[in-house]
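Visitor: Dumping the structure here so I can ask a few things about it.
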Amino acid sequence: MPPFLELRSIQKNFGGEKVVRGLDLSVEEGRIMAILGPSGCGKSTTLRIIAGLLRQDRGSVLVSGRPIDGLPASGRNMGFVFQNYSLFPTKNVLQNIEFGMRMKRVPKHKRKKRCSELVSLVGLEGMERKKPRELSGGQQQRVALARAMAIEPRLLLLDEPFGALDARIRKRIRRDLKKIQEEMGFTALFVTHDQEEAFEVGDLISVMNHGKVEQVGRPRDLYERPSTDFIAGFVGTVNTILIPGMGEDPPLTVMVRPDDVTLHRGPGFRVKGRLMSYTYLGPLIEISVHLQNGDDLTCLMQRERFRLCGFRRGDTVGVRIKRFRTFNGEEC
Amino acid sequence: MEFAFGKRWETYILVLSAMIICMALVAELLSGFSSASFFSSYLTPAAIIAGTGVLFLLLFVGTFSKGSSDTSPMARVTRSFTISLGLLVFAVLIILPLTSIFRFAFEDGPVMFWEAVTSEEAFNAFQNSLMIACICTILNLLVGTLIAFMLTRYRFPGRSMLRALIDLPIAIPTAVVGLSLMMLYGPMGLLGPLLNDRGIQVVLALPGVVLAHVFVTFPFMIRSVSVVLEKMDRNLEDSAMTLGAGRFRVFLNVMLPSMRSGMIAGSALTFTRSLGEFGATLFVAGGVFATGPLFIATLNEDIQFQEACSVSIVLMVFPFLILLGLNALVDKMEGN
């Protein structure tokens with residue numbers, strides 16, 4: 001059975017600059033896929049190509065095995081949520097949500113019924129007659145979501161949907177989106193540069209860099225088994241440490257995750273360092289250690305253990321590295 | 001292009017009316033003693049300067065204690081000085097001439113005023129002016145919106161030059177506009193005789209006047225609509241398309257409602273400008289066709305000052321009310 005959505009070697013140039021270069025991707029039905037990547041990696045362009053808002057130079061977009069390249073955006077039945085919401089400013093909440101159904105000539109009584117369902121689904125009861133500019137950012141985002149879902153899209157595309165919201169509301173809306181998706185069972189593809197967001201909302205994450213997908217996987221795969229150095233560095237924090245060569249070997253540069261390092265008190269540790277500073281992150285504490293060989297190391301520690309060990313700034317600590325990776329992909 | 005008046009239009013109309021009434025009272029007082037001897041003996045340059053000084057002082061004192069948030073006395077003096085100077089200049093340059101019109105329009109009582117503005121000729125002139133202004137506004141709505149759309153949405157060679165040239169009609173003297181239309185469509189013009197042979201009369205008739213007015217008002221609609229289009233979020237169109245709207249319905253359902261406020265603003269400017277157009281109309285109407293302003297000029301030449309002033313008041317107040325009304329409409333649409 002062909003995948004629900006498939007992109008085959010998509011290419012897109014903007015004035016000679018290759019923005020998307022031979023991108024392949026497939027999404028299964030009923031899942032949320034996150035496209036994670038740094039800004040300028042071509043992730044938004046890819047989303048617009050899927051929606052039919054941009055035309056690719058090469059390659060093909062297929063839905064259930066059939067190419068849809070000939071279809072205009074208005075014929076693709078894909079909901080799109082923009083980062084700046086892009087609600088129709090002269091229309092009220094209800095009219096915004098209703099718009100797509102009006103375009104599809106859904107009869108009035110059905111429109112009304114579905115509108116009120118959606119309004120309560122996104123929790124905007126009582127706001128139906130308000131104009132977009134009278135709503136907060138979070139509320140506008142909910143309207144945008146309801147508007148995109150109103151057309152019963154085969155695919156929901158979200159372009160940095162939480163980017164313009166402040167941290168607390170962002171978290172709540174993220175959870176709401178996930179909940180709504182689980183209830184309704186639609187397929188969604190969303191673009192973000194925020195790793196935490198991708199991990200929380202996405203069932204699968206595809207990491208993009210320089211116009212290509214570098215790896216597709218579950219959050220755990222990406223964190224524990226990154227396929228490229230870029231992913232190891234982009235997903236989560238990473239330390240790079242120079243290990244002096246043994247005998248004939250040249251010195252080796254390795255990558256260490258902050259949570260793969262433990263700090264200890266007392267003598268008997270081969271690697272030592274000076275505790276430079278620490279920051280409370282809530283349950284965890286981020287500690288910066290200056291190693292004897294001159295490298296800086298960031299590591300994470302439980303708040304409780306940190307307190308029990310009684311570490312202070314300037315202390316000499318023993319460092320044990322539980323796991324590290326070499327730059328050619330070996331794990332030790 | 002912004003509206004001629006700010007958001008709090010009720011305040012403006014109140015202040016303006018108050019100023020007109022005050023100045024009219026002053027004019028009435030002066031003319032109450034209006035024997036020639038009074039004017040010649042008392043309205044000396046010294047008296048005018050003294051009167052202006054008193055007015056300035058009154059304004060200064062009036063604004064000194066009201067609504068100042070400055071604590072330093074010097075700052076308050078500077079503030080009141082600036083405000084009263086501004087108000088004085090406005091009163092002398094704008095309000096004073098207008099009050100004299102009121103003064104002479106009602107010289108022989110309200111009945112004569114009414115008769116002057118309801119005479120058959122006056123009625124005819126108003127009718128012509130209104131009709132021309134309406135046609136001109138509708139034409140500009142169609143053409144101006146199209147050009148604004150073209151200029152903001154498409155990139156083509158010569159676009160930046162065209163944008164710069166859009167304002168040309170504002171810079172050209174209206175007499176030149178009138179003359180150039182005559183040189184094209186007139187009896188001696190390039191195309192005039194040719195069209196005349198086929199029974200088409202452009203100048204010295206309604207079409208010529210409309211052409212002149214469209215020429216003069218051309219930039220207003222384009223600029224008003226362009227501003228709105230440039231501010232418009234391009235994603236709105238994309239949103240509508242993903243929601244199943246084709247190109248035409250995107251325009252009809254999404255762009256047009258957003259352009260509405262610009263179109264209304266442009267219409268207001270076009271309409272009022274057309275009602276007041278004089279220079280170009282004088283050439284192309286050629287005495288055959290009377291618009292409001294042309295009628296005022298005729299009355300003035302015939303030394304019928306009371307009638308001229310009465311007609312002027314109608315032509316002054318009517319566009320003012322239209323501007324205010326449309327301004328309020330735009331405010332309401334934008335929910336301010």
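If you're wondering about the labels, chains in the structure tokens are A, B, ... by order shown, residues count from 1 in each chain, ligands from 1 in order shown.
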As an mmCIF file with N, CA and C atoms, in the first residue's frame, could you give me every residue of chain B near chain A (at most 12 Å apart, counting only C-alpha atoms)?

Guide:
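Result written to selection_18.cif:
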data_model
loop_
_atom_site.group_PDB
_atom_site.id
_atom_site.type_symbol
_atom_site.label_atom_id
_atom_site.label_comp_id
_atom_site.auth_asym_id
_atom_site.auth_seq_id
_atom_site.Cartn_x
_atom_site.Cartn_y
_atom_site.Cartn_z
ATOM 1 N N MET B 232 -1.859 44.805 3.041
ATOM 2 C CA MET B 232 -2.599 43.554 3.167
ATOM 3 C C MET B 232 -1.649 42.359 3.249
ATOM 4 N N ASP B 233 -1.979 41.429 4.128
ATOM 5 C CA ASP B 233 -1.209 40.213 4.335
ATOM 6 C C ASP B 233 -1.360 39.306 3.105
ATOM 7 N N ARG B 234 -0.226 38.982 2.454
ATOM 8 C CA ARG B 234 -0.313 38.159 1.241
ATOM 9 C C ARG B 234 -0.807 36.749 1.564
ATOM 10 N N ASN B 235 -0.594 36.312 2.806
ATOM 11 C CA ASN B 235 -1.043 34.976 3.177
ATOM 12 C C ASN B 235 -2.564 34.854 3.158
ATOM 13 N N LEU B 236 -3.268 36.014 3.225
ATOM 14 C CA LEU B 236 -4.731 35.963 3.177
ATOM 15 C C LEU B 236 -5.197 35.284 1.902
ATOM 16 N N GLU B 237 -4.568 35.650 0.790
ATOM 17 C CA GLU B 237 -4.945 35.064 -0.485
ATOM 18 C C GLU B 237 -4.642 33.568 -0.485
ATOM 19 N N ASP B 238 -3.455 33.216 0.048
ATOM 20 C CA ASP B 238 -3.081 31.805 0.115
ATOM 21 C C ASP B 238 -4.053 31.040 1.006
ATOM 22 N N SER B 239 -4.404 31.641 2.152
ATOM 23 C CA SER B 239 -5.380 31.009 3.042
ATOM 24 C C SER B 239 -6.648 30.677 2.289
ATOM 25 N N ALA B 240 -7.172 31.685 1.608
ATOM 26 C CA ALA B 240 -8.446 31.507 0.909
ATOM 27 C C ALA B 240 -8.326 30.400 -0.132
ATOM 28 N N MET B 241 -7.167 30.347 -0.803
ATOM 29 C CA MET B 241 -7.005 29.317 -1.833
ATOM 30 C C MET B 241 -6.988 27.921 -1.226
ATOM 31 N N THR B 242 -6.279 27.761 -0.095
ATOM 32 C CA THR B 242 -6.258 26.427 0.510
ATOM 33 C C THR B 242 -7.642 26.052 1.028
ATOM 34 N N LEU B 243 -8.485 27.050 1.275
ATOM 35 C CA LEU B 243 -9.839 26.764 1.749
ATOM 36 C C LEU B 243 -10.799 26.528 0.580
ATOM 37 N N GLY B 244 -10.246 26.449 -0.630
ATOM 38 C CA GLY B 244 -11.067 26.055 -1.774
ATOM 39 C C GLY B 244 -11.565 27.193 -2.648
ATOM 40 N N ALA B 245 -11.040 28.406 -2.443
ATOM 41 C CA ALA B 245 -11.493 29.527 -3.254
ATOM 42 C C ALA B 245 -10.614 29.670 -4.493
ATOM 43 N N GLY B 246 -11.257 29.773 -5.660
ATOM 44 C CA GLY B 246 -10.519 30.023 -6.897
ATOM 45 C C GLY B 246 -10.104 31.479 -6.960
ATOM 46 N N ARG B 247 -9.340 31.845 -7.991
ATOM 47 C CA ARG B 247 -8.806 33.209 -8.109
ATOM 48 C C ARG B 247 -9.892 34.280 -7.980
ATOM 49 N N PHE B 248 -10.980 34.063 -8.715
ATOM 50 C CA PHE B 248 -12.026 35.084 -8.745
ATOM 51 C C PHE B 248 -12.682 35.240 -7.376
ATOM 52 N N ARG B 249 -12.919 34.113 -6.717
ATOM 53 C CA ARG B 249 -13.576 34.185 -5.407
ATOM 54 C C ARG B 249 -12.622 34.723 -4.343
ATOM 55 N N VAL B 250 -11.328 34.486 -4.517
ATOM 56 C CA VAL B 250 -10.358 35.101 -3.609
ATOM 57 C C VAL B 250 -10.486 36.608 -3.704
ATOM 58 N N LEU B 252 -13.060 38.359 -4.867
ATOM 59 C CA LEU B 252 -14.387 38.828 -4.464
ATOM 60 C C LEU B 252 -14.596 38.743 -2.946
ATOM 61 N N ASN B 253 -14.161 37.630 -2.345
ATOM 62 C CA ASN B 253 -14.502 37.375 -0.943
ATOM 63 C C ASN B 253 -13.437 37.819 0.050
ATOM 64 N N VAL B 254 -12.208 37.938 -0.413
ATOM 65 C CA VAL B 254 -11.135 38.257 0.528
ATOM 66 C C VAL B 254 -10.526 39.628 0.255
ATOM 67 N N MET B 255 -10.146 39.858 -1.011
ATOM 68 C CA MET B 255 -9.439 41.101 -1.286
ATOM 69 C C MET B 255 -10.384 42.298 -1.289
ATOM 70 N N LEU B 256 -11.529 42.118 -1.955
ATOM 71 C CA LEU B 256 -12.453 43.255 -2.077
ATOM 72 C C LEU B 256 -12.892 43.792 -0.708
ATOM 73 N N PRO B 257 -13.300 42.919 0.231
ATOM 74 C CA PRO B 257 -13.680 43.459 1.546
ATOM 75 C C PRO B 257 -12.533 44.206 2.240
ATOM 76 N N SER B 258 -11.301 43.739 2.025
ATOM 77 C CA SER B 258 -10.174 44.418 2.661
ATOM 78 C C SER B 258 -9.871 45.741 1.972
ATOM 79 N N MET B 259 -10.190 45.816 0.678
ATOM 80 C CA MET B 259 -9.910 47.035 -0.075
ATOM 81 C C MET B 259 -10.996 48.087 0.138
ATOM 82 N N ARG B 260 -12.090 47.662 0.740
ATOM 83 C CA ARG B 260 -13.264 48.534 0.834
ATOM 84 C C ARG B 260 -12.940 49.886 1.462
ATOM 85 N N SER B 261 -12.205 49.871 2.568
ATOM 86 C CA SER B 261 -11.945 51.136 3.258
ATOM 87 C C SER B 261 -11.131 52.074 2.369
ATOM 88 N N LYS B 332 -16.189 53.093 11.485
ATOM 89 C CA LYS B 332 -17.068 52.057 11.980
ATOM 90 C C LYS B 332 -16.661 50.696 11.406
ATOM 91 N N MET B 333 -16.292 50.688 10.119
ATOM 92 C CA MET B 333 -15.904 49.438 9.481
ATOM 93 C C MET B 333 -14.633 48.884 10.098
ATOM 94 N N GLU B 334 -13.730 49.784 10.425
ATOM 95 C CA GLU B 334 -12.484 49.327 11.022
ATOM 96 C C GLU B 334 -12.619 49.146 12.526
ATOM 97 N N GLY B 335 -13.814 49.486 13.025
ATOM 98 C CA GLY B 335 -14.124 49.219 14.426
ATOM 99 C C GLY B 335 -13.370 50.088 15.411
ATOM 100 N N ASN B 336 -13.012 51.296 14.990
ATOM 101 C CA ASN B 336 -12.285 52.178 15.906
ATOM 102 C C ASN B 336 -13.247 53.040 16.712
#

Visitor: For the structure I just gave you, how does DSSP split region 61-120 of chain A - specifically, which residues are helix (DSSP H, G or I)? Reply as a VMD selection string.

Guide: chain A and resid 73 to 75 93 to 103 108 to 120

Visitor: Kindly save the residues from that selection, with N, CA and C atoms included, as a PDB file, in the first residue's frame.

Guide:
ATOM      1  N   ALA A  73      -4.099  24.886  -5.571  1.00  0.00           N
ATOM      2  CA  ALA A  73      -4.258  24.870  -4.116  1.00  0.00           C
ATOM      3  C   ALA A  73      -5.723  24.724  -3.719  1.00  0.00           C
ATOM      4  N   SER A  74      -6.606  25.366  -4.493  1.00  0.00           N
ATOM      5  CA  SER A  74      -8.022  25.349  -4.120  1.00  0.00           C
ATOM      6  C   SER A  74      -8.647  23.968  -4.323  1.00  0.00           C
ATOM      7  N   GLY A  75      -7.977  23.092  -5.072  1.00  0.00           N
ATOM      8  CA  GLY A  75      -8.556  21.780  -5.317  1.00  0.00           C
ATOM      9  C   GLY A  75      -7.912  20.667  -4.518  1.00  0.00           C
ATOM     10  N   VAL A  93     -15.280  35.595  13.798  1.00  0.00           N
ATOM     11  CA  VAL A  93     -14.789  34.234  14.048  1.00  0.00           C
ATOM     12  C   VAL A  93     -15.591  33.197  13.260  1.00  0.00           C
ATOM     13  N   LEU A  94     -16.925  33.308  13.360  1.00  0.00           N
ATOM     14  CA  LEU A  94     -17.789  32.331  12.700  1.00  0.00           C
ATOM     15  C   LEU A  94     -17.619  32.374  11.181  1.00  0.00           C
ATOM     16  N   GLN A  95     -17.575  33.605  10.648  1.00  0.00           N
ATOM     17  CA  GLN A  95     -17.436  33.756   9.194  1.00  0.00           C
ATOM     18  C   GLN A  95     -16.089  33.229   8.706  1.00  0.00           C
ATOM     19  N   ASN A  96     -15.064  33.392   9.546  1.00  0.00           N
ATOM     20  CA  ASN A  96     -13.752  32.859   9.198  1.00  0.00           C
ATOM     21  C   ASN A  96     -13.785  31.337   9.126  1.00  0.00           C
ATOM     22  N   ILE A  97     -14.386  30.728  10.146  1.00  0.00           N
ATOM     23  CA  ILE A  97     -14.435  29.270  10.193  1.00  0.00           C
ATOM     24  C   ILE A  97     -15.294  28.731   9.050  1.00  0.00           C
ATOM     25  N   GLU A  98     -16.356  29.484   8.734  1.00  0.00           N
ATOM     26  CA  GLU A  98     -17.335  29.047   7.754  1.00  0.00           C
ATOM     27  C   GLU A  98     -16.822  29.178   6.314  1.00  0.00           C
ATOM     28  N   PHE A  99     -15.781  30.010   6.134  1.00  0.00           N
ATOM     29  CA  PHE A  99     -15.359  30.402   4.788  1.00  0.00           C
ATOM     30  C   PHE A  99     -15.152  29.220   3.832  1.00  0.00           C
ATOM     31  N   GLY A 100     -14.363  28.248   4.285  1.00  0.00           N
ATOM     32  CA  GLY A 100     -14.046  27.122   3.416  1.00  0.00           C
ATOM     33  C   GLY A 100     -15.284  26.331   3.017  1.00  0.00           C
ATOM     34  N   MET A 101     -16.221  26.188   3.962  1.00  0.00           N
ATOM     35  CA  MET A 101     -17.439  25.443   3.657  1.00  0.00           C
ATOM     36  C   MET A 101     -18.313  26.219   2.679  1.00  0.00           C
ATOM     37  N   ARG A 102     -18.275  27.551   2.800  1.00  0.00           N
ATOM     38  CA  ARG A 102     -19.040  28.363   1.842  1.00  0.00           C
ATOM     39  C   ARG A 102     -18.460  28.194   0.447  1.00  0.00           C
ATOM     40  N   MET A 103     -17.110  28.163   0.365  1.00  0.00           N
ATOM     41  CA  MET A 103     -16.467  27.984  -0.931  1.00  0.00           C
ATOM     42  C   MET A 103     -16.826  26.636  -1.543  1.00  0.00           C
ATOM     43  N   LYS A 108     -26.395  25.409   4.258  1.00  0.00           N
ATOM     44  CA  LYS A 108     -26.279  26.293   5.404  1.00  0.00           C
ATOM     45  C   LYS A 108     -26.445  25.583   6.751  1.00  0.00           C
ATOM     46  N   HIS A 109     -27.416  24.674   6.836  1.00  0.00           N
ATOM     47  CA  HIS A 109     -27.647  24.047   8.150  1.00  0.00           C
ATOM     48  C   HIS A 109     -26.450  23.184   8.562  1.00  0.00           C
ATOM     49  N   LYS A 110     -25.813  22.541   7.555  1.00  0.00           N
ATOM     50  CA  LYS A 110     -24.617  21.743   7.860  1.00  0.00           C
ATOM     51  C   LYS A 110     -23.471  22.639   8.299  1.00  0.00           C
ATOM     52  N   ARG A 111     -23.342  23.786   7.609  1.00  0.00           N
ATOM     53  CA  ARG A 111     -22.274  24.733   7.963  1.00  0.00           C
ATOM     54  C   ARG A 111     -22.420  25.154   9.413  1.00  0.00           C
ATOM     55  N   LYS A 112     -23.659  25.492   9.765  1.00  0.00           N
ATOM     56  CA  LYS A 112     -23.901  25.992  11.125  1.00  0.00           C
ATOM     57  C   LYS A 112     -23.545  24.946  12.165  1.00  0.00           C
ATOM     58  N   LYS A 113     -23.952  23.717  11.898  1.00  0.00           N
ATOM     59  CA  LYS A 113     -23.735  22.636  12.842  1.00  0.00           C
ATOM     60  C   LYS A 113     -22.232  22.421  13.034  1.00  0.00           C
ATOM     61  N   ARG A 114     -21.522  22.327  11.910  1.00  0.00           N
ATOM     62  CA  ARG A 114     -20.094  22.048  11.981  1.00  0.00           C
ATOM     63  C   ARG A 114     -19.341  23.207  12.642  1.00  0.00           C
ATOM     64  N   CYS A 115     -19.799  24.430  12.335  1.00  0.00           N
ATOM     65  CA  CYS A 115     -19.164  25.600  12.935  1.00  0.00           C
ATOM     66  C   CYS A 115     -19.250  25.546  14.453  1.00  0.00           C
ATOM     67  N   SER A 116     -20.443  25.225  14.957  1.00  0.00           N
ATOM     68  CA  SER A 116     -20.575  25.259  16.413  1.00  0.00           C
ATOM     69  C   SER A 116     -19.791  24.107  17.046  1.00  0.00           C
ATOM     70  N   GLU A 117     -19.702  22.967  16.338  1.00  0.00           N
ATOM     71  CA  GLU A 117     -18.859  21.874  16.830  1.00  0.00           C
ATOM     72  C   GLU A 117     -17.404  22.321  16.951  1.00  0.00           C
ATOM     73  N   LEU A 118     -16.936  22.971  15.885  1.00  0.00           N
ATOM     74  CA  LEU A 118     -15.534  23.384  15.853  1.00  0.00           C
ATOM     75  C   LEU A 118     -15.243  24.445  16.905  1.00  0.00           C
ATOM     76  N   VAL A 119     -16.191  25.377  17.060  1.00  0.00           N
ATOM     77  CA  VAL A 119     -15.994  26.439  18.038  1.00  0.00           C
ATOM     78  C   VAL A 119     -15.816  25.850  19.430  1.00  0.00           C
ATOM     79  N   SER A 120     -16.627  24.827  19.737  1.00  0.00           N
ATOM     80  CA  SER A 120     -16.476  24.249  21.077  1.00  0.00           C
ATOM     81  C   SER A 120     -15.242  23.345  21.141  1.00  0.00           C
TER      82      SER A 120
END

Visitor: Using only C-alpha atoms, determine which residues lie at most 9 Å from region 280-291 of chain A, disregarding the query and same-chain residues fewer than 6 positions distant; provide the list as an mmCIF file with N, CA and C atoms, in the first residue's frame.

Guide:
data_model
loop_
_atom_site.group_PDB
_atom_site.id
_atom_site.type_symbol
_atom_site.label_atom_id
_atom_site.label_comp_id
_atom_site.auth_asym_id
_atom_site.auth_seq_id
_atom_site.Cartn_x
_atom_site.Cartn_y
_atom_site.Cartn_z
ATOM 1 N N PRO A 258 24.895 15.994 27.464
ATOM 2 C CA PRO A 258 24.999 16.489 28.843
ATOM 3 C C PRO A 258 24.472 15.492 29.864
ATOM 4 N N VAL A 271 39.502 11.692 34.862
ATOM 5 C CA VAL A 271 39.204 13.007 34.289
ATOM 6 C C VAL A 271 38.714 13.928 35.399
ATOM 7 N N LYS A 272 39.371 15.057 35.524
ATOM 8 C CA LYS A 272 38.975 16.020 36.544
ATOM 9 C C LYS A 272 38.672 17.362 35.885
ATOM 10 N N GLY A 273 37.892 18.159 36.623
ATOM 11 C CA GLY A 273 37.585 19.486 36.092
ATOM 12 C C GLY A 273 37.185 20.419 37.204
ATOM 13 N N ARG A 274 37.074 21.696 36.852
ATOM 14 C CA ARG A 274 36.684 22.690 37.837
ATOM 15 C C ARG A 274 35.249 23.126 37.546
ATOM 16 N N LEU A 297 32.689 21.588 29.340
ATOM 17 C CA LEU A 297 31.718 20.507 29.287
ATOM 18 C C LEU A 297 30.449 20.979 29.992
ATOM 19 N N THR A 298 29.302 20.757 29.320
ATOM 20 C CA THR A 298 28.029 21.061 29.957
ATOM 21 C C THR A 298 27.392 19.748 30.360
ATOM 22 N N CYS A 299 26.939 19.660 31.607
ATOM 23 C CA CYS A 299 26.268 18.424 31.975
ATOM 24 C C CYS A 299 25.041 18.715 32.826
ATOM 25 N N LEU A 300 24.141 17.711 32.904
ATOM 26 C CA LEU A 300 22.892 17.858 33.637
ATOM 27 C C LEU A 300 22.923 16.952 34.858
ATOM 28 N N MET A 301 22.283 17.411 35.930
ATOM 29 C CA MET A 301 22.309 16.641 37.160
ATOM 30 C C MET A 301 20.988 16.858 37.879
ATOM 31 N N GLN A 302 20.519 15.792 38.563
ATOM 32 C CA GLN A 302 19.301 15.932 39.352
ATOM 33 C C GLN A 302 19.538 16.961 40.459
ATOM 34 N N ARG A 303 18.527 17.753 40.720
ATOM 35 C CA ARG A 303 18.658 18.799 41.724
ATOM 36 C C ARG A 303 19.017 18.208 43.096
ATOM 37 N N GLU A 304 18.357 17.074 43.391
ATOM 38 C CA GLU A 304 18.535 16.431 44.698
ATOM 39 C C GLU A 304 19.984 15.961 44.892
ATOM 40 N N PHE A 306 22.635 16.963 43.278
ATOM 41 C CA PHE A 306 23.524 18.118 43.306
ATOM 42 C C PHE A 306 23.630 18.660 44.731
ATOM 43 N N VAL A 317 35.983 18.573 40.584
ATOM 44 C CA VAL A 317 35.081 17.425 40.547
ATOM 45 C C VAL A 317 35.636 16.345 39.639
ATOM 46 N N VAL A 319 34.966 13.588 36.786
ATOM 47 C CA VAL A 319 34.018 13.512 35.678
ATOM 48 C C VAL A 319 34.019 12.102 35.119
#

Visitor: Counting only C-alpha atoms, which of A:Val213, A:Leu165, A:Cys309, A:Val201 gets nearest to Ser9 (chain A)?

Guide: A:Val213

Visitor: Determine the nearest neighbour of Val191 (chain A) from the options A:Thr237, A:Pro132, A:Leu7, A:Ser39, counting only C-alpha atoms.

Guide: A:Ser39

Visitor: Using only C-alpha atoms, which residues sit within 12 Å of Lys12 (chain A) once same-chain residues fewer than 2 positions away are excluded, as JSON, numbers by chain?

Guide: {"A": [9, 10, 14, 15, 16, 17, 18, 19, 20, 21, 22, 23, 41, 42, 43, 44, 45, 46, 47, 48, 49, 54, 55, 56, 57, 58, 59, 60, 210, 211, 212]}
